[in-house]
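*Asks:* My file is data-v2.pdb. It has PDB, C-alpha atoms:
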```
ATOM      1  CA  LEU M   1     100.863 115.530  80.081  1.00  0.00           C
ATOM      2  CA  PHE M   2     103.256 115.986  77.195  1.00  0.00           C
ATOM      3  CA  ASN M   3     100.636 117.880  75.234  1.00  0.00           C
ATOM      4  CA  LYS M   4      99.930 120.162  78.212  1.00  0.00           C
ATOM      5  CA  ASP M   5     103.406 121.067  79.405  1.00  0.00           C
ATOM      6  CA  LYS M   6     105.920 118.937  77.467  1.00  0.00           C
ATOM      7  CA  THR M   7     106.464 116.617  80.460  1.00  0.00           C
ATOM      8  CA  THR M   8     108.566 113.620  79.474  1.00  0.00           C
ATOM      9  CA  LEU M   9     108.037 110.262  81.161  1.00  0.00           C
ATOM     10  CA  ILE M  10     110.945 107.826  81.067  1.00  0.00           C
ATOM     11  CA  VAL M  11     110.175 104.126  81.489  1.00  0.00           C
ATOM     12  CA  VAL M  12     113.101 102.205  83.002  1.00  0.00           C
ATOM     13  CA  GLY M  13     113.238  98.401  83.065  1.00  0.00           C
ATOM     14  CA  SER M  14     111.202  95.692  81.440  1.00  0.00           C
ATOM     15  CA  ILE M  15     107.746  95.876  79.992  1.00  0.00           C
ATOM     16  CA  LEU M  16     105.399  92.898  79.922  1.00  0.00           C
ATOM     17  CA  GLU M  17     105.519  90.830  76.774  1.00  0.00           C
ATOM     18  CA  GLY M  18     103.754  92.291  73.792  1.00  0.00           C
ATOM     19  CA  GLU M  19     104.060  95.005  71.244  1.00  0.00           C
ATOM     20  CA  TYR M  20     103.938  98.504  72.665  1.00  0.00           C
ATOM     21  CA  SER M  21     104.008 101.894  71.132  1.00  0.00           C
ATOM     22  CA  PHE M  22     104.270 105.031  73.205  1.00  0.00           C
ATOM     23  CA  ASN M  23     102.850 108.471  72.730  1.00  0.00           C
ATOM     24  CA  GLU M  24     105.150 111.407  72.225  1.00  0.00           C
ATOM     25  CA  GLY M  25     106.854 112.277  75.490  1.00  0.00           C
ATOM     26  CA  ILE M  26     107.158 108.683  76.763  1.00  0.00           C
ATOM     27  CA  ILE M  27     110.525 107.033  76.323  1.00  0.00           C
ATOM     28  CA  HIS M  28     111.385 103.412  77.170  1.00  0.00           C
ATOM     29  CA  ILE M  29     115.078 103.098  77.957  1.00  0.00           C
ATOM     30  CA  GLY M  30     115.277  99.515  79.247  1.00  0.00           C
ATOM     31  CA  TYR M  31     117.715  98.374  81.911  1.00  0.00           C
ATOM     32  CA  PHE M  32     120.538 100.268  83.587  1.00  0.00           C
ATOM     33  CA  SER M  33     122.905  99.510  86.444  1.00  0.00           C
ATOM     34  CA  ILE M  34     121.602 100.351  89.892  1.00  0.00           C
ATOM     35  CA  ASP M  35     124.093 103.211  90.165  1.00  0.00           C
ATOM     36  CA  MET M  36     122.776 104.718  86.937  1.00  0.00           C
ATOM     37  CA  VAL M  37     119.161 104.331  88.082  1.00  0.00           C
ATOM     38  CA  HIS M  38     120.000 106.035  91.383  1.00  0.00           C
ATOM     39  CA  SER M  39     121.688 108.865  89.510  1.00  0.00           C
ATOM     40  CA  MET M  40     118.576 109.295  87.364  1.00  0.00           C
ATOM     41  CA  MET M  41     116.339 109.288  90.456  1.00  0.00           C
ATOM     42  CA  GLN M  42     118.321 112.196  91.860  1.00  0.00           C
ATOM     43  CA  GLN M  43     117.851 114.236  88.673  1.00  0.00           C
ATOM     44  CA  VAL M  44     114.177 113.740  87.805  1.00  0.00           C
ATOM     45  CA  SER M  45     111.024 115.319  89.204  1.00  0.00           C
ATOM     46  CA  GLY M  46     109.611 112.054  90.488  1.00  0.00           C
ATOM     47  CA  LEU M  47     109.216 108.304  90.330  1.00  0.00           C
ATOM     48  CA  VAL M  48     105.866 107.013  89.064  1.00  0.00           C
ATOM     49  CA  ASN M  49     104.898 103.489  90.131  1.00  0.00           C
ATOM     50  CA  THR M  50     101.846 102.357  88.167  1.00  0.00           C
ATOM     51  CA  SER M  51     101.597  98.775  89.434  1.00  0.00           C
ATOM     52  CA  ILE M  52      98.142  97.639  90.479  1.00  0.00           C
ATOM     53  CA  SER M  53      99.440  94.589  92.373  1.00  0.00           C
ATOM     54  CA  GLU M  54     103.105  95.035  93.374  1.00  0.00           C
ATOM     55  CA  GLY M  55     104.102  94.426  96.971  1.00  0.00           C
ATOM     56  CA  MET M  56     106.339  96.758  98.948  1.00  0.00           C
ATOM     57  CA  SER M  57     108.514  98.214  96.214  1.00  0.00           C
ATOM     58  CA  SER M  58     112.225  98.604  96.826  1.00  0.00           C
ATOM     59  CA  SER M  59     112.365 101.159  94.000  1.00  0.00           C
ATOM     60  CA  ILE M  60     109.941 103.349  95.947  1.00  0.00           C
ATOM     61  CA  LEU M  61     112.088 103.090  99.090  1.00  0.00           C
ATOM     62  CA  GLU M  62     115.227 103.850  97.052  1.00  0.00           C
ATOM     63  CA  ALA M  63     113.566 106.890  95.504  1.00  0.00           C
ATOM     64  CA  MET M  64     112.512 108.193  98.922  1.00  0.00           C
ATOM     65  CA  LYS M  65     116.058 107.747 100.228  1.00  0.00           C
ATOM     66  CA  LEU M  66     117.440 109.683  97.237  1.00  0.00           C
ATOM     67  CA  GLY M  67     115.034 112.627  97.569  1.00  0.00           C
ATOM     68  CA  CYS M  68     112.941 111.638  94.556  1.00  0.00           C
ATOM     69  CA  VAL M  69     109.220 112.295  94.999  1.00  0.00           C
ATOM     70  CA  VAL M  70     107.078 109.153  94.650  1.00  0.00           C
ATOM     71  CA  TYR M  71     103.771 109.013  92.778  1.00  0.00           C
ATOM     72  CA  ALA M  72     102.305 105.548  93.321  1.00  0.00           C
ATOM     73  CA  ARG M  73      99.229 103.753  92.055  1.00  0.00           C
ATOM     74  CA  ASP M  74      96.775 102.898  94.832  1.00  0.00           C
ATOM     75  CA  ASN M  75      97.409  99.274  95.824  1.00  0.00           C
ATOM     76  CA  ALA M  76      98.004  97.510  99.136  1.00  0.00           C
ATOM     77  CA  GLY M  77     101.791  97.280  98.760  1.00  0.00           C
ATOM     78  CA  ASN M  78     102.204 100.922  97.814  1.00  0.00           C
ATOM     79  CA  ARG M  79      99.912 102.064 100.633  1.00  0.00           C
ATOM     80  CA  GLU M  80     102.209 100.272 103.108  1.00  0.00           C
ATOM     81  CA  ILE M  81     105.015 102.741 102.404  1.00  0.00           C
ATOM     82  CA  VAL M  82     103.438 105.744 100.701  1.00  0.00           C
ATOM     83  CA  ARG M  83     101.146 107.887 102.804  1.00  0.00           C
ATOM     84  CA  SER M  84      99.591 110.364 100.429  1.00  0.00           C
ATOM     85  CA  ASN M  85     100.742 113.944 100.950  1.00  0.00           C
ATOM     86  CA  TYR M  86     103.190 112.718 103.600  1.00  0.00           C
ATOM     87  CA  THR M  87     105.768 110.306 102.115  1.00  0.00           C
ATOM     88  CA  GLY M  88     104.601 110.567  98.521  1.00  0.00           C
ATOM     89  CA  PHE M  89     101.379 110.702  96.554  1.00  0.00           C
ATOM     90  CA  ILE M  90      98.834 107.949  95.883  1.00  0.00           C
ATOM     91  CA  PHE M  91      96.597 108.010  92.823  1.00  0.00           C
ATOM     92  CA  SER M  92      93.923 105.724  91.352  1.00  0.00           C
ATOM     93  CA  THR M  93      93.144 107.424  88.056  1.00  0.00           C
ATOM     94  CA  PRO M  94      95.057 109.430  85.463  1.00  0.00           C
ATOM     95  CA  GLU M  95      93.141 112.511  86.612  1.00  0.00           C
ATOM     96  CA  GLU M  96      94.225 111.984  90.232  1.00  0.00           C
ATOM     97  CA  PHE M  97      97.816 111.525  89.048  1.00  0.00           C
ATOM     98  CA  GLU M  98      97.621 114.823  87.174  1.00  0.00           C
ATOM     99  CA  THR M  99      96.313 116.535  90.319  1.00  0.00           C
ATOM    100  CA  CYS M 100      99.157 115.047  92.401  1.00  0.00           C
ATOM    101  CA  LEU M 101     101.641 116.679  90.037  1.00  0.00           C
ATOM    102  CA  THR M 102     100.387 120.107  91.136  1.00  0.00           C
ATOM    103  CA  TYR M 103     101.190 119.565  94.835  1.00  0.00           C
ATOM    104  CA  ASP M 104     104.203 121.039  96.609  1.00  0.00           C
ATOM    105  CA  THR M 105     106.830 118.328  97.112  1.00  0.00           C
ATOM    106  CA  GLU M 106     109.401 119.760  99.530  1.00  0.00           C
ATOM    107  CA  PHE M 107     107.618 118.563 102.698  1.00  0.00           C
ATOM    108  CA  VAL M 108     107.080 115.119 101.159  1.00  0.00           C
ATOM    109  CA  LYS M 109     110.775 114.762 100.272  1.00  0.00           C
ATOM    110  CA  GLU M 110     111.766 115.441 103.883  1.00  0.00           C
ATOM    111  CA  THR M 111     109.168 113.202 105.514  1.00  0.00           C
ATOM    112  CA  ALA M 112     109.845 110.375 103.038  1.00  0.00           C
ATOM    113  CA  LEU M 113     113.547 110.456 103.886  1.00  0.00           C
ATOM    114  CA  ASP M 114     112.747 110.451 107.621  1.00  0.00           C
ATOM    115  CA  TYR M 115     110.382 107.493 107.092  1.00  0.00           C
ATOM    116  CA  VAL M 116     112.957 105.424 105.178  1.00  0.00           C
ATOM    117  CA  ASN M 117     115.701 106.171 107.688  1.00  0.00           C
ATOM    118  CA  SER M 118     113.420 105.283 110.611  1.00  0.00           C
ATOM    119  CA  TYR M 119     111.798 102.109 109.291  1.00  0.00           C
ATOM    120  CA  HIS M 120     113.819 100.746 106.370  1.00  0.00           C
ATOM    121  CA  SER M 121     117.477 101.412 107.090  1.00  0.00           C
ATOM    122  CA  GLN M 122     119.911  98.534 106.567  1.00  0.00           C
ATOM    123  CA  GLU M 123     120.044  98.047 110.323  1.00  0.00           C
ATOM    124  CA  LYS M 124     116.229  97.924 110.623  1.00  0.00           C
ATOM    125  CA  GLU M 125     115.982  95.460 107.726  1.00  0.00           C
ATOM    126  CA  LYS M 126     118.706  93.301 109.305  1.00  0.00           C
ATOM    127  CA  GLU M 127     116.828  93.290 112.636  1.00  0.00           C
ATOM    128  CA  SER M 128     113.553  92.361 110.905  1.00  0.00           C
ATOM    129  CA  TYR M 129     115.209  89.550 108.985  1.00  0.00           C
ATOM    130  CA  TYR M 130     116.857  88.214 112.151  1.00  0.00           C
ATOM    131  CA  ARG M 131     113.504  88.252 114.032  1.00  0.00           C
ATOM    132  CA  LEU M 132     111.849  86.420 111.132  1.00  0.00           C
ATOM    133  CA  VAL M 133     114.540  83.736 111.005  1.00  0.00           C
ATOM    134  CA  ASN M 134     114.279  83.231 114.783  1.00  0.00           C
ATOM    135  CA  LEU M 135     110.501  82.979 114.592  1.00  0.00           C
ATOM    136  CA  ILE M 136     110.708  80.377 111.834  1.00  0.00           C
ATOM    137  CA  GLN M 137     113.317  78.463 113.810  1.00  0.00           C
ATOM    138  CA  LYS M 138     110.972  78.276 116.808  1.00  0.00           C
ATOM    139  CA  PHE M 139     108.155  76.845 114.707  1.00  0.00           C
ATOM    140  CA  VAL M 140     110.197  74.255 112.859  1.00  0.00           C
ATOM    141  CA  ASN M 141     112.495  73.536 115.824  1.00  0.00           C
ATOM    142  CA  ILE M 142     115.660  73.437 113.720  1.00  0.00           C
ATOM    143  CA  PRO M 143     118.844  74.821 115.247  1.00  0.00           C
ATOM    144  CA  ILE M 144     120.354  77.726 113.356  1.00  0.00           C
ATOM    145  CA  ARG M 145     124.094  77.475 112.770  1.00  0.00           C
TER     146      ARG M 145
END
```
Just dump the structure as structure tokens.
*Replies:*
Amino acid sequence: LFNKDKTTLIVVGSILEGEYSFNEGIIHIGYFSIDMVHSMMQQVSGLVNTSISEGMSSSILEAMKLGCVVYARDNAGNREIVRSNYTGFIFSTPEEFETCLTYDTEFVKETALDYVNSYHSQEKEKESYYRLVNLIQKFVNIPIR
């Protein structure tokens, strides 16, 4: 991508153990506070999640809430929250990722925000957690204090 249009990819956070070198246009910046990461999400063109095995990613939900377009690798966890061309874009290959970058993102930003507010708000997460704790309590028959 860098060679085509000078797109810069910024890698935030840890990288698996090992020696890595990056091509021109890819920058690894390590860890930042959550406030700084959220600020970055509001200023970039999109969040790219390349995990092939990650579960439901909180960084994807945070990006959606902040109006940052999500480009996510096709895996079960990502498919739970990213509906391609609706709440973000799903890709399986580098070529599909490149194609996703050509799509209009305004509709996706709006529908992603609606999705997060409807299904993953703090209140919804609190309700889900409470239901889970009550269900566990029924099965183990331990009073909750």
*Asks:* Using all atoms listed in the file, which residues sit within 8 Å of Ala76 of chain M once same-chain residues fewer than 3 positions away are excluded, as a PyMOL selection string?
*Replies:* chain M and resi 53+55+79-80
*Asks:* Report, in Å to a single decimal, how far apart atom CA of Ile10 of chain M and atom CA of Val116 of chain M are.
*Replies:*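 Calculated distance between atom CA of Val116 of chain M and atom CA of Ile10 of chain M is 24.3 Å.
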*Asks:* How many Å lie between atom CA of Ile136 of chain M and atom CA of Ser121 of chain M, rounded to one decimal?
*Replies:*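 Distance between the two atoms: 22.6 Å.
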*Asks:* Residues within 12 Å of Pro94 of chain M, please, as a ChimeraX atom specification. Count all atoms listed in the file; anything in the same chain fewer than 2 positions from it doesn't count.
*Replies:* /M:1,48,50,71-74,90-92,96-101
*Asks:* Output the residue selection produced by the PyMOL selection byres ((chain M and resi 30-36) around 12) on the file above, formatted as a PyMOL selection string.
*Replies:* chain M and resi 10-16+27-29+37-43+58-59+62-63+66
*Asks:* Can those selected residues be exported to a file as an mmCIF file, keeping the file's coordinate frame so that it contains C-alpha atoms?
*Replies:*
```
data_model
loop_
_atom_site.group_PDB
_atom_site.id
_atom_site.type_symbol
_atom_site.label_atom_id
_atom_site.label_comp_id
_atom_site.auth_asym_id
_atom_site.auth_seq_id
_atom_site.Cartn_x
_atom_site.Cartn_y
_atom_site.Cartn_z
ATOM 1 C CA ILE M 10 110.945 107.826 81.067
ATOM 2 C CA VAL M 11 110.175 104.126 81.489
ATOM 3 C CA VAL M 12 113.101 102.205 83.002
ATOM 4 C CA GLY M 13 113.238 98.401 83.065
ATOM 5 C CA SER M 14 111.202 95.692 81.440
ATOM 6 C CA ILE M 15 107.746 95.876 79.992
ATOM 7 C CA LEU M 16 105.399 92.898 79.922
ATOM 8 C CA ILE M 27 110.525 107.033 76.323
ATOM 9 C CA HIS M 28 111.385 103.412 77.170
ATOM 10 C CA ILE M 29 115.078 103.098 77.957
ATOM 11 C CA VAL M 37 119.161 104.331 88.082
ATOM 12 C CA HIS M 38 120.000 106.035 91.383
ATOM 13 C CA SER M 39 121.688 108.865 89.510
ATOM 14 C CA MET M 40 118.576 109.295 87.364
ATOM 15 C CA MET M 41 116.339 109.288 90.456
ATOM 16 C CA GLN M 42 118.321 112.196 91.860
ATOM 17 C CA GLN M 43 117.851 114.236 88.673
ATOM 18 C CA SER M 58 112.225 98.604 96.826
ATOM 19 C CA SER M 59 112.365 101.159 94.000
ATOM 20 C CA GLU M 62 115.227 103.850 97.052
ATOM 21 C CA ALA M 63 113.566 106.890 95.504
ATOM 22 C CA LEU M 66 117.440 109.683 97.237
#
```
*Asks:* Figure out the distance between atom CA of Ala112 of chain M and atom CA of Ile60 of chain M, please, to one decimal in Å.
*Replies:*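 Atom-to-atom, atom CA of Ile60 of chain M and atom CA of Ala112 of chain M are spaced 10.0 Å apart.
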*Asks:* For each of M:Met64, M:Val70, M:Val133, M:Val140, take the minimum atom-to-atom distance to Glu110 of chain M, counting all atoms listed in the file, then give the residue where this is smallest.
*Replies:*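 Ranked by minimum distance to Glu110 of chain M, first place goes to M:Met64.
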*Asks:* Rank M:Leu61, M:Val69, M:Thr102, M:Val108 by their smallest atom-to-atom distance to Gln122 of chain M, using only C-alpha atoms, and report the top residue only.
*Replies:*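 Among M:Leu61, M:Val69, M:Thr102, M:Val108, it is M:Leu61 that comes nearest to Gln122 of chain M.
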*Asks:* When distances are computed from all atoms listed in the file, which of M:Thr111, M:Thr87, M:Thr93, M:Thr105 shows the smallest separation from Ser45 of chain M?
*Replies:*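 Selected residue with least distance to Ser45 of chain M: M:Thr105.
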*Asks:* Using all atoms listed in the file, determine which residues lie at most 10 Å from Ser57 of chain M, disregarding the query and same-chain residues fewer than 5 positions distant; provide the list as a list in words.
*Replies:* Asn49, Ser51, Glu62, Gly77, Asn78, Glu80 and Ile81 of chain M
